[in-house]
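Printed here is entry-v3.cif (mmCIF, C-alpha atoms):
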```cif
data_structure
loop_
_atom_site.label_atom_id
_atom_site.label_comp_id
_atom_site.auth_asym_id
_atom_site.auth_seq_id
_atom_site.Cartn_x
_atom_site.Cartn_y
_atom_site.Cartn_z
CA MET A 399 0.00 0.00 0.00
CA SER A 400 1.49 3.36 -1.03
CA THR A 401 2.07 5.46 2.06
CA ASN A 402 1.33 8.71 0.25
CA LYS A 403 -2.11 7.51 -0.86
CA ILE A 404 -3.51 6.24 2.43
CA ARG A 405 -7.22 7.00 2.75
CA LEU A 406 -9.80 7.01 5.51
CA GLU A 407 -11.25 3.85 3.98
CA ASP A 408 -7.87 2.14 4.36
CA LEU A 409 -7.52 3.18 8.00
CA ALA A 410 -11.06 2.01 8.70
CA ARG A 411 -10.37 -1.42 7.18
CA MET A 412 -7.12 -1.83 9.16
CA ALA A 413 -8.73 -0.68 12.40
CA GLY A 414 -11.88 -2.74 11.88
CA VAL A 415 -14.20 0.22 12.34
CA SER A 416 -16.37 2.43 10.16
CA ILE A 417 -15.07 5.34 8.11
CA SER A 418 -17.09 7.78 10.24
CA THR A 419 -15.48 6.37 13.39
CA VAL A 420 -12.00 6.88 11.91
CA SER A 421 -12.89 10.47 10.99
CA ARG A 422 -14.17 11.19 14.48
CA ALA A 423 -11.19 9.50 16.10
CA LEU A 424 -8.75 11.62 14.10
CA ASN A 425 -10.63 14.71 15.24
CA ASP A 426 -10.53 13.57 18.88
CA HIS A 427 -14.33 13.40 19.08
CA PRO A 428 -15.54 12.89 22.69
CA LEU A 429 -17.96 10.09 21.66
CA ILE A 430 -15.11 7.85 20.45
CA SER A 431 -13.46 5.70 23.10
CA LEU A 432 -9.89 6.37 24.11
CA ALA A 433 -8.83 2.86 23.05
CA THR A 434 -10.22 3.37 19.55
CA LYS A 435 -8.60 6.78 19.22
CA LYS A 436 -5.21 5.37 20.19
CA LYS A 437 -5.57 2.52 17.70
CA VAL A 438 -6.57 4.81 14.82
CA TRP A 439 -3.87 7.36 15.57
CA ALA A 440 -1.20 4.66 15.78
CA LEU A 441 -2.22 3.34 12.35
CA ALA A 442 -2.39 6.85 10.92
CA ARG A 443 1.13 7.68 12.09
CA GLU A 444 2.48 4.31 10.98
CA HIS A 445 1.14 4.76 7.45
CA ASN A 446 1.87 8.50 7.17
CA TYR A 447 -1.74 9.56 6.85
CA PRO A 448 -1.74 13.21 5.63
CA PHE A 449 -3.11 15.03 8.69
CA ARG A 450 -4.54 18.47 8.32
CA SER A 451 -2.10 21.10 9.52
CA TYR A 452 -3.98 21.90 12.73
CA MET A 453 -4.17 18.32 13.97
CA PRO A 454 -1.94 17.52 16.95
CA ALA A 455 1.23 15.61 16.11
CA ALA A 456 1.62 13.98 19.51
CA PRO A 457 -0.08 10.74 20.52
CA ILE A 458 -3.52 11.28 21.94
CA GLY A 459 -4.68 9.86 25.23
CA ALA A 460 -4.23 12.91 27.45
CA GLU A 461 -7.23 14.05 29.45
CA GLY A 462 -6.87 17.48 27.89
CA SER A 463 -4.44 19.93 26.33
CA ILE A 464 -3.32 23.40 27.32
CA VAL A 465 -1.65 26.04 25.17
CA VAL A 466 0.53 28.67 26.86
CA VAL A 467 0.74 32.02 25.04
CA THR A 468 3.04 34.97 25.75
CA PRO A 469 1.73 38.34 24.46
CA HIS A 470 3.91 41.11 23.11
CA MET A 471 5.48 43.24 25.83
CA GLN A 472 6.79 46.70 25.04
CA GLY A 473 6.62 46.04 21.31
CA ARG A 474 8.31 42.64 21.25
CA PRO A 475 7.47 39.07 22.22
CA LEU A 476 8.07 38.28 25.87
CA PRO A 477 11.40 36.42 25.98
CA LEU A 478 10.81 32.79 26.92
CA SER A 479 14.33 32.77 28.36
CA HIS A 480 13.23 35.06 31.20
CA PRO A 481 14.00 33.05 34.37
CA PHE A 482 10.72 33.82 36.12
CA PHE A 483 8.62 32.72 33.18
CA LEU A 484 10.72 29.59 32.78
CA GLU A 485 9.92 28.73 36.39
CA LEU A 486 6.24 29.51 35.85
CA LEU A 487 6.17 27.40 32.67
CA ALA A 488 7.71 24.50 34.59
CA SER A 489 5.04 24.81 37.26
CA ILE A 490 2.28 24.85 34.64
CA GLY A 491 3.82 21.77 33.06
CA GLU A 492 3.95 19.93 36.39
CA ALA A 493 0.34 20.85 37.16
CA ALA A 494 -0.76 19.75 33.69
CA ARG A 495 1.09 16.44 34.02
CA ALA A 496 -0.57 15.82 37.39
CA ARG A 497 -3.91 16.06 35.56
CA ASP A 498 -2.73 13.87 32.64
CA CYS A 499 -2.82 16.88 30.33
CA ASP A 500 -0.50 17.86 27.50
CA PHE A 501 0.75 21.42 27.28
CA THR A 502 2.50 23.35 24.56
CA VAL A 503 3.95 26.83 24.19
CA SER A 504 2.52 28.69 21.21
CA HIS A 505 4.73 30.49 18.71
CA THR A 506 2.08 33.23 18.58
CA ALA A 507 2.64 36.50 20.45
CA PRO A 508 -0.69 38.39 20.20
CA ARG A 509 -0.69 42.16 19.80
CA ASP A 510 -4.44 42.91 19.65
CA PHE A 511 -7.93 41.44 19.96
CA GLU A 512 -7.82 39.95 16.48
CA ASP A 513 -4.65 38.05 17.42
CA LEU A 514 -6.35 36.82 20.61
CA THR A 515 -9.32 35.45 18.68
CA THR A 516 -6.97 33.76 16.22
CA VAL A 517 -5.23 32.02 19.11
CA MET A 518 -8.53 30.79 20.52
CA ASN A 519 -10.03 29.70 17.19
CA SER A 520 -7.08 28.12 15.40
CA GLY A 521 -6.12 25.49 17.96
CA ARG A 522 -7.66 22.38 19.46
CA ALA A 523 -6.62 22.96 23.07
CA SER A 524 -8.94 22.46 26.03
CA GLY A 525 -7.90 25.89 27.28
CA VAL A 526 -5.35 28.67 26.88
CA ILE A 527 -3.14 30.32 29.50
CA PHE A 528 -1.83 33.78 28.65
CA LEU A 529 1.31 34.80 30.53
CA GLY A 530 0.95 38.53 31.01
CA GLN A 531 -1.56 41.13 29.92
CA SER A 532 0.67 43.63 28.15
CA MET A 533 -1.76 46.27 26.84
CA LEU A 534 -4.45 43.68 26.06
CA HIS A 535 -6.79 44.28 29.01
CA ASP A 536 -9.64 45.53 26.79
CA GLY A 537 -9.03 42.70 24.33
CA PHE A 538 -9.24 40.10 27.08
CA ASN A 539 -12.50 41.66 28.28
CA ARG A 540 -13.93 41.30 24.76
CA LEU A 541 -12.62 37.75 24.54
CA ALA A 542 -14.39 36.87 27.80
CA GLU A 543 -17.71 37.73 26.14
CA THR A 544 -17.15 34.97 23.55
CA ASN A 545 -17.18 32.17 26.17
CA SER A 546 -13.60 31.27 25.29
CA ASN A 547 -11.84 29.06 27.83
CA PHE A 548 -8.78 30.98 28.95
CA VAL A 549 -7.06 32.47 31.99
CA VAL A 550 -4.44 35.19 32.32
CA TRP A 551 -1.42 35.34 34.57
CA GLY A 552 -1.27 39.00 35.51
CA ALA A 553 -2.62 41.93 37.45
CA HIS A 554 -6.20 42.42 38.59
CA LEU A 555 -7.41 45.57 36.86
CA PRO A 556 -10.50 47.80 37.19
CA GLY A 557 -13.46 46.59 35.16
CA GLN A 558 -11.91 43.18 34.58
CA LYS A 559 -14.30 40.56 33.15
CA TYR A 560 -11.87 37.72 32.46
CA PRO A 561 -10.36 35.20 34.91
CA SER A 562 -6.81 35.75 36.10
CA VAL A 563 -4.29 34.51 38.61
CA GLY A 564 -1.66 36.82 40.04
CA SER A 565 -0.06 38.04 43.21
CA ASP A 566 -1.12 41.03 45.30
CA ASN A 567 1.24 43.38 43.50
CA VAL A 568 0.34 46.51 45.45
CA MET A 569 0.94 44.78 48.77
CA GLY A 570 4.17 43.29 47.47
CA GLY A 571 5.55 46.67 46.43
CA ARG A 572 4.42 48.16 49.71
CA ARG A 573 6.08 45.43 51.78
CA ALA A 574 9.41 45.76 49.99
CA THR A 575 9.46 49.55 50.39
CA MET A 576 8.32 49.49 54.00
CA HIS A 577 11.15 47.12 54.79
CA LEU A 578 13.76 49.49 53.37
CA ALA A 579 12.18 52.45 55.14
CA ARG A 580 12.30 50.60 58.47
CA LEU A 581 16.03 50.08 57.86
CA GLY A 582 16.42 53.86 57.71
CA ARG A 583 16.71 54.22 53.94
CA LYS A 584 15.52 57.64 52.78
CA ALA A 585 16.37 57.96 49.07
CA ILE A 586 14.62 54.87 47.72
CA ALA A 587 14.37 54.36 43.96
CA PHE A 588 11.76 52.31 42.12
CA VAL A 589 13.10 50.50 39.05
CA GLY A 590 10.52 48.72 36.92
CA SER A 591 8.85 48.18 33.58
CA ASN A 592 5.57 49.66 32.31
CA ASP A 593 3.47 46.49 32.42
CA PRO A 594 0.35 46.44 34.65
CA GLU A 595 1.94 44.26 37.32
CA ALA A 596 4.98 46.51 37.69
CA MET A 597 2.78 49.60 37.86
CA GLN A 598 0.83 48.08 40.73
CA ARG A 599 4.10 47.34 42.53
CA ARG A 600 5.04 50.97 41.96
CA GLN A 601 1.71 52.00 43.53
CA GLY A 602 2.62 50.03 46.65
CA TYR A 603 6.04 51.70 46.64
CA LEU A 604 4.45 55.16 46.57
CA GLU A 605 2.01 54.25 49.33
CA ALA A 606 4.86 53.07 51.55
CA LEU A 607 6.85 56.26 50.93
CA GLU A 608 3.84 58.32 52.00
CA ALA A 609 3.26 56.16 55.08
CA ASN A 610 6.85 56.84 56.16
CA GLY A 611 6.79 60.57 55.44
CA LEU A 612 9.15 60.27 52.45
CA GLU A 613 8.64 62.47 49.42
CA PRO A 614 8.72 60.60 46.08
CA ASP A 615 11.56 61.82 43.86
CA PRO A 616 10.74 61.69 40.11
CA SER A 617 14.42 61.21 39.31
CA LEU A 618 14.35 57.97 41.32
CA ASP A 619 11.29 56.59 39.48
CA ILE A 620 12.97 54.66 36.66
CA ARG A 621 11.39 52.80 33.73
CA VAL A 622 13.20 49.82 32.20
CA ASP A 623 12.21 46.74 30.21
CA PHE A 624 12.26 43.15 31.45
CA GLY A 625 15.96 42.59 30.91
CA PHE A 626 18.96 42.55 33.20
CA GLU A 627 20.89 44.78 30.79
CA SER A 628 18.17 47.45 30.67
CA ALA A 629 18.25 47.84 34.45
CA GLU A 630 22.03 47.99 34.47
CA ARG A 631 22.06 50.73 31.82
CA ALA A 632 19.41 52.77 33.62
CA LEU A 633 21.31 52.64 36.92
CA ASN A 634 24.58 53.49 35.18
CA GLN A 635 22.95 56.64 33.82
CA LEU A 636 21.46 57.56 37.18
CA LEU A 637 24.75 57.08 39.02
CA SER A 638 26.67 59.03 36.38
CA ARG A 639 24.59 62.06 37.36
CA ARG A 640 25.85 61.68 40.94
CA ARG A 641 22.29 61.17 42.14
CA LYS A 642 22.30 60.00 45.74
CA LEU A 643 20.29 56.92 46.64
CA ASP A 644 20.43 54.38 49.44
CA GLY A 645 17.67 51.94 48.49
CA ILE A 646 16.21 50.28 45.41
CA VAL A 647 12.84 48.56 45.04
CA ALA A 648 12.91 46.60 41.78
CA SER A 649 9.79 45.23 40.09
CA SER A 650 11.51 41.88 39.40
CA ASP A 651 14.49 39.90 40.61
CA LEU A 652 16.19 40.17 37.22
CA ILE A 653 15.91 43.97 37.31
CA ALA A 654 17.28 43.96 40.87
CA LEU A 655 20.29 41.90 39.80
CA GLY A 656 20.98 44.29 36.93
CA ALA A 657 20.85 47.19 39.37
CA ILE A 658 23.28 45.44 41.73
CA ARG A 659 25.73 44.96 38.89
CA ALA A 660 25.62 48.70 38.11
CA LEU A 661 26.11 49.58 41.77
CA ARG A 662 29.18 47.37 41.98
CA LYS A 663 30.66 48.97 38.87
CA ALA A 664 30.22 52.33 40.62
CA ASN A 665 32.11 50.95 43.66
CA LEU A 666 28.99 51.05 45.81
CA SER A 667 28.47 48.25 48.31
CA VAL A 668 25.25 46.25 48.53
CA PRO A 669 23.85 46.44 51.17
CA LYS A 670 26.22 48.81 53.04
CA ASP A 671 25.67 51.76 50.69
CA VAL A 672 22.47 50.72 48.94
CA SER A 673 19.84 48.19 50.02
CA VAL A 674 18.14 46.33 47.18
CA THR A 675 14.92 44.30 47.00
CA GLY A 676 13.51 42.32 44.08
CA TYR A 677 10.20 40.65 43.27
CA ASP A 678 9.51 37.00 42.30
CA ASP A 679 11.90 34.92 44.45
CA MET A 680 13.44 33.14 41.49
CA LEU A 681 16.18 30.57 41.99
CA LEU A 682 18.67 33.23 40.89
CA ALA A 683 17.64 35.38 43.85
CA ARG A 684 18.74 32.65 46.23
CA LEU A 685 22.00 31.99 44.39
CA SER A 686 23.15 35.58 43.81
CA THR A 687 25.87 37.31 45.81
CA PRO A 688 24.64 38.88 47.97
CA ALA A 689 21.50 36.73 48.17
CA LEU A 690 18.56 38.90 47.15
CA THR A 691 15.83 40.11 49.48
CA THR A 692 12.64 39.75 47.47
CA ILE A 693 8.87 39.39 47.38
CA GLN A 694 7.97 35.76 46.88
CA GLN A 695 5.49 34.65 44.24
CA ASP A 696 4.61 30.99 44.67
CA THR A 697 5.06 29.70 41.12
CA LEU A 698 4.11 26.13 42.06
CA GLU A 699 0.76 27.27 43.40
CA ALA A 700 0.36 29.66 40.48
CA GLY A 701 0.79 26.78 38.02
CA ARG A 702 -1.79 24.67 39.84
CA ARG A 703 -4.34 27.47 39.91
CA LEU A 704 -3.83 28.45 36.27
CA VAL A 705 -4.28 24.87 35.09
CA ALA A 706 -7.30 24.38 37.36
CA GLN A 707 -9.00 27.44 35.88
CA VAL A 708 -8.87 26.08 32.33
CA MET A 709 -9.27 22.37 33.05
CA ASP A 710 -12.24 22.43 35.44
CA PRO A 711 -15.15 23.11 33.06
CA ASN A 712 -17.67 23.62 35.86
CA ALA A 713 -15.43 25.77 38.04
CA GLU A 714 -16.45 29.36 38.56
CA GLN A 715 -14.13 31.72 36.73
CA TYR A 716 -12.74 34.30 39.07
CA LEU A 717 -9.91 36.65 39.98
CA ASP A 718 -7.44 34.65 42.02
CA TYR A 719 -4.95 36.35 44.35
CA LEU A 720 -1.78 34.70 45.52
CA PRO A 721 -0.43 36.04 48.82
CA THR A 722 2.96 37.74 48.81
CA HIS A 723 5.73 37.17 51.34
CA LEU A 724 8.80 39.26 52.04
CA ILE A 725 11.87 37.00 51.96
CA VAL A 726 14.70 38.78 53.77
CA ARG A 727 18.23 37.96 52.64
CA GLU A 728 21.59 39.70 52.45
CA SER A 729 20.97 42.42 49.87
CA CYS A 730 19.03 44.71 52.22
CA GLY A 731 21.44 44.53 55.17
CA ALA A 732 19.04 43.04 57.70
#
```
Would you mind writing the file's structure down as structure tokens?
Amino acid sequence: MSTNKIRLEDLARMAGVSISTVSRALNDHPLISLATKKKVWALAREHNYPFRSYMPAAPIGAEGSIVVVTPHMQGRPLPLSHPFFLELLASIGEAARARDCDFTVSHTAPRDFEDLTTVMNSGRASGVIFLGQSMLHDGFNRLAETNSNFVVWGAHLPGQKYPSVGSDNVMGGRRATMHLARLGRKAIAFVGSNDPEAMQRRQGYLEALEANGLEPDPSLDIRVDFGFESAERALNQLLSRRRKLDGIVASSDLIALGAIRALRKANLSVPKDVSVTGYDDMLLARLSTPALTTIQQDTLEAGRRLVAQVMDPNAEQYLDYLPTHLIVRESCGA
């Protein structure tokens, strides 16, 4: 039998089932038994049946499938190499495996509502997890009205209609800043990106300054992107202007580590001269020198909750807060 001319009729004869059963099995129809699906798919792969492009290439048999999507951030796709998102992806994968689910990372990086609908309509996943909101809050609200099965890792925003999981960013930023203020730091900078989560952490920073009678200094409110290098460059520029500072609240651990590198290049000691806090509690935060004081986000629990939101069809969709915890290490001097 020529492998490039295999037909549904041929698969049906080899499997001992009807043509309609083969068609439904190939399309993962819920009325077809798992045993029959596995048999048909094994024959189809063995004989190089020409699958349509959207059909999954992996063996079936999972209880479900999840697609993870990373939107554009600041005009470019979110780098999958970012350590925090690697840890979050691992947690999602572990949670999916515990439920006998497959998960994949999409090549798509949506920019607008049309891209979001394409993601939801072009795949065969049980649900979609978006890592980050970028500037897509309104698009996600529109998507929620279509009964699409998705959840977002990100901030909780006013008027939000879609389900999300995220940490209490305002409280996290407040806790980090309050800690530095209690240590006697007066000139405390905020270094962070423009994404919704970072802006909520900045709000907590400003609230803590006010609570401690400290005036916010616009020159110490610094915007960077997600990268280590961006934070290092921004701090290099600040320090070149001889601007005095004795504390830094960073919106991520990676940004904090970039800031520490710039401080060392300027012959400033961390924490003797400048106390530094991060946000995330990545593995790198524990391994850095000095070890980084940070706000912990529980990625293991985040993965479980994200997967639960898309894999429990009868679960109520809701805004899910993860608690934040201040993890005190060497970089703050306490």
Exercise. For this file, the PyMOL selection byres ((chain A and resi 717) around 12) selects which residues, as a VMD selection string?
Worked result: chain A and resid 549 to 566 703 to 704 707 714 to 716 718 to 720
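Restricting the calculation to only C-alpha atoms, the smallest distance between Leu486 of chain A and any of A:Thr722, A:Ser628, A:Ser617, A:Gln695 is found for A:Gln695.
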Exercise. How would you write, as a PyMOL selection string, the residues chosen by the PyMOL selection byres ((chain A and resi 698) around 8) on this structure?
Worked result: chain A and resi 486+489-490+696-697+699-702
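Between atom CA of Gly530 of chain A and atom CA of Gln601 of chain A lies a distance of 18.4 Å.
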Just the residues within 9 Å of Leu607 of chain A, please, counting all atoms listed in the file, with nothing from its chain fewer than 4 positions along; format it as an mmCIF file with C-alpha atoms, in the coordinates of the input.
```cif
data_model
loop_
_atom_site.group_PDB
_atom_site.id
_atom_site.type_symbol
_atom_site.label_atom_id
_atom_site.label_comp_id
_atom_site.auth_asym_id
_atom_site.auth_seq_id
_atom_site.Cartn_x
_atom_site.Cartn_y
_atom_site.Cartn_z
ATOM 1 C CA ARG A 572 4.420 48.160 49.710
ATOM 2 C CA THR A 575 9.460 49.550 50.390
ATOM 3 C CA MET A 576 8.320 49.490 54.000
ATOM 4 C CA ALA A 579 12.180 52.450 55.140
ATOM 5 C CA LYS A 584 15.520 57.640 52.780
ATOM 6 C CA ILE A 586 14.620 54.870 47.720
ATOM 7 C CA GLY A 602 2.620 50.030 46.650
ATOM 8 C CA TYR A 603 6.040 51.700 46.640
ATOM 9 C CA GLY A 611 6.790 60.570 55.440
ATOM 10 C CA LEU A 612 9.150 60.270 52.450
ATOM 11 C CA GLU A 613 8.640 62.470 49.420
ATOM 12 C CA PRO A 614 8.720 60.600 46.080
#
```
Exercise. A:Gly414, A:Pro594, A:Pro721, A:Pro469: which is nearest Asp678 of chain A, counting only C-alpha atoms?
Worked result: A:Pro721
For this session: Would you kindly translate the PyMOL selection byres ((chain A and resi 527) around 7) into the concrete residues it picks from this file, as a list in words?
Result: Val465, Val466, Val467, Gly525, Val526, Phe528, Leu529, Phe548, Val549 and Val550 of chain A
Problem set entry | atom CA of Leu534 of chain A to atom CA of Asp510 of chain A, distance in Å rounded to a single decimal | 6.5 Å
Exercise. Is there a way to get, as a list in words, all residues within 6 Å of the point (8.5, 40.4, 45.0) in file coordinates, counting all atoms listed in the file?
Worked result: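 Neighbouring residues, ordered by chain and number, come to Gly570, Gly676, Tyr677, Asp678, Thr692, Ile693 and Gln694 of chain A.
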Exercise. By how many Å are atom CA of Leu432 of chain A and atom CA of Val708 of chain A apart?
Worked result: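 Calculated distance between atom CA of Leu432 of chain A and atom CA of Val708 of chain A is 21.4 Å.
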For this session: With a distance cut-off of 9 Å and only C-alpha atoms, select the neighbouring residues of segment 419-431 of chain A, excluding the residue or stretch itself and same-chain residues fewer than 2 positions from it, and output the selection as a PyMOL selection string.
Result: chain A and resi 406-407+409-410+413+415-417+433-436+438-439+442+449+453+458
For this session: Please provide the set of residues having any atom within 8 Å of Leu541 of chain A, restricted to only C-alpha atoms, with same-chain residues fewer than 6 positions apart removed, written as a PyMOL selection string.
Result: chain A and resi 511+514-515+560
Exercise. Smallest atom-to-atom distance to Asn665 of chain A: which of A:Leu637, A:Val589, A:Ala523, A:Ala609, using only C-alpha atoms?
Worked result: A:Leu637
Exercise. Between A:Ser638, A:Thr691, A:Thr468, A:Thr675, which has the minimum distance to His505 of chain A (counting all atoms listed in the file)?
Worked result: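 Result for the nearest residue to His505 of chain A: A:Thr468.
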Exercise. So, counting all atoms listed in the file, which residue among A:Ser532, A:Ala683, A:Asp710, A:Gly571 is closest to Val647 of chain A?
Worked result: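 Going through A:Ser532, A:Ala683, A:Asp710, A:Gly571 one by one, the smallest distance to Val647 of chain A is for A:Gly571.
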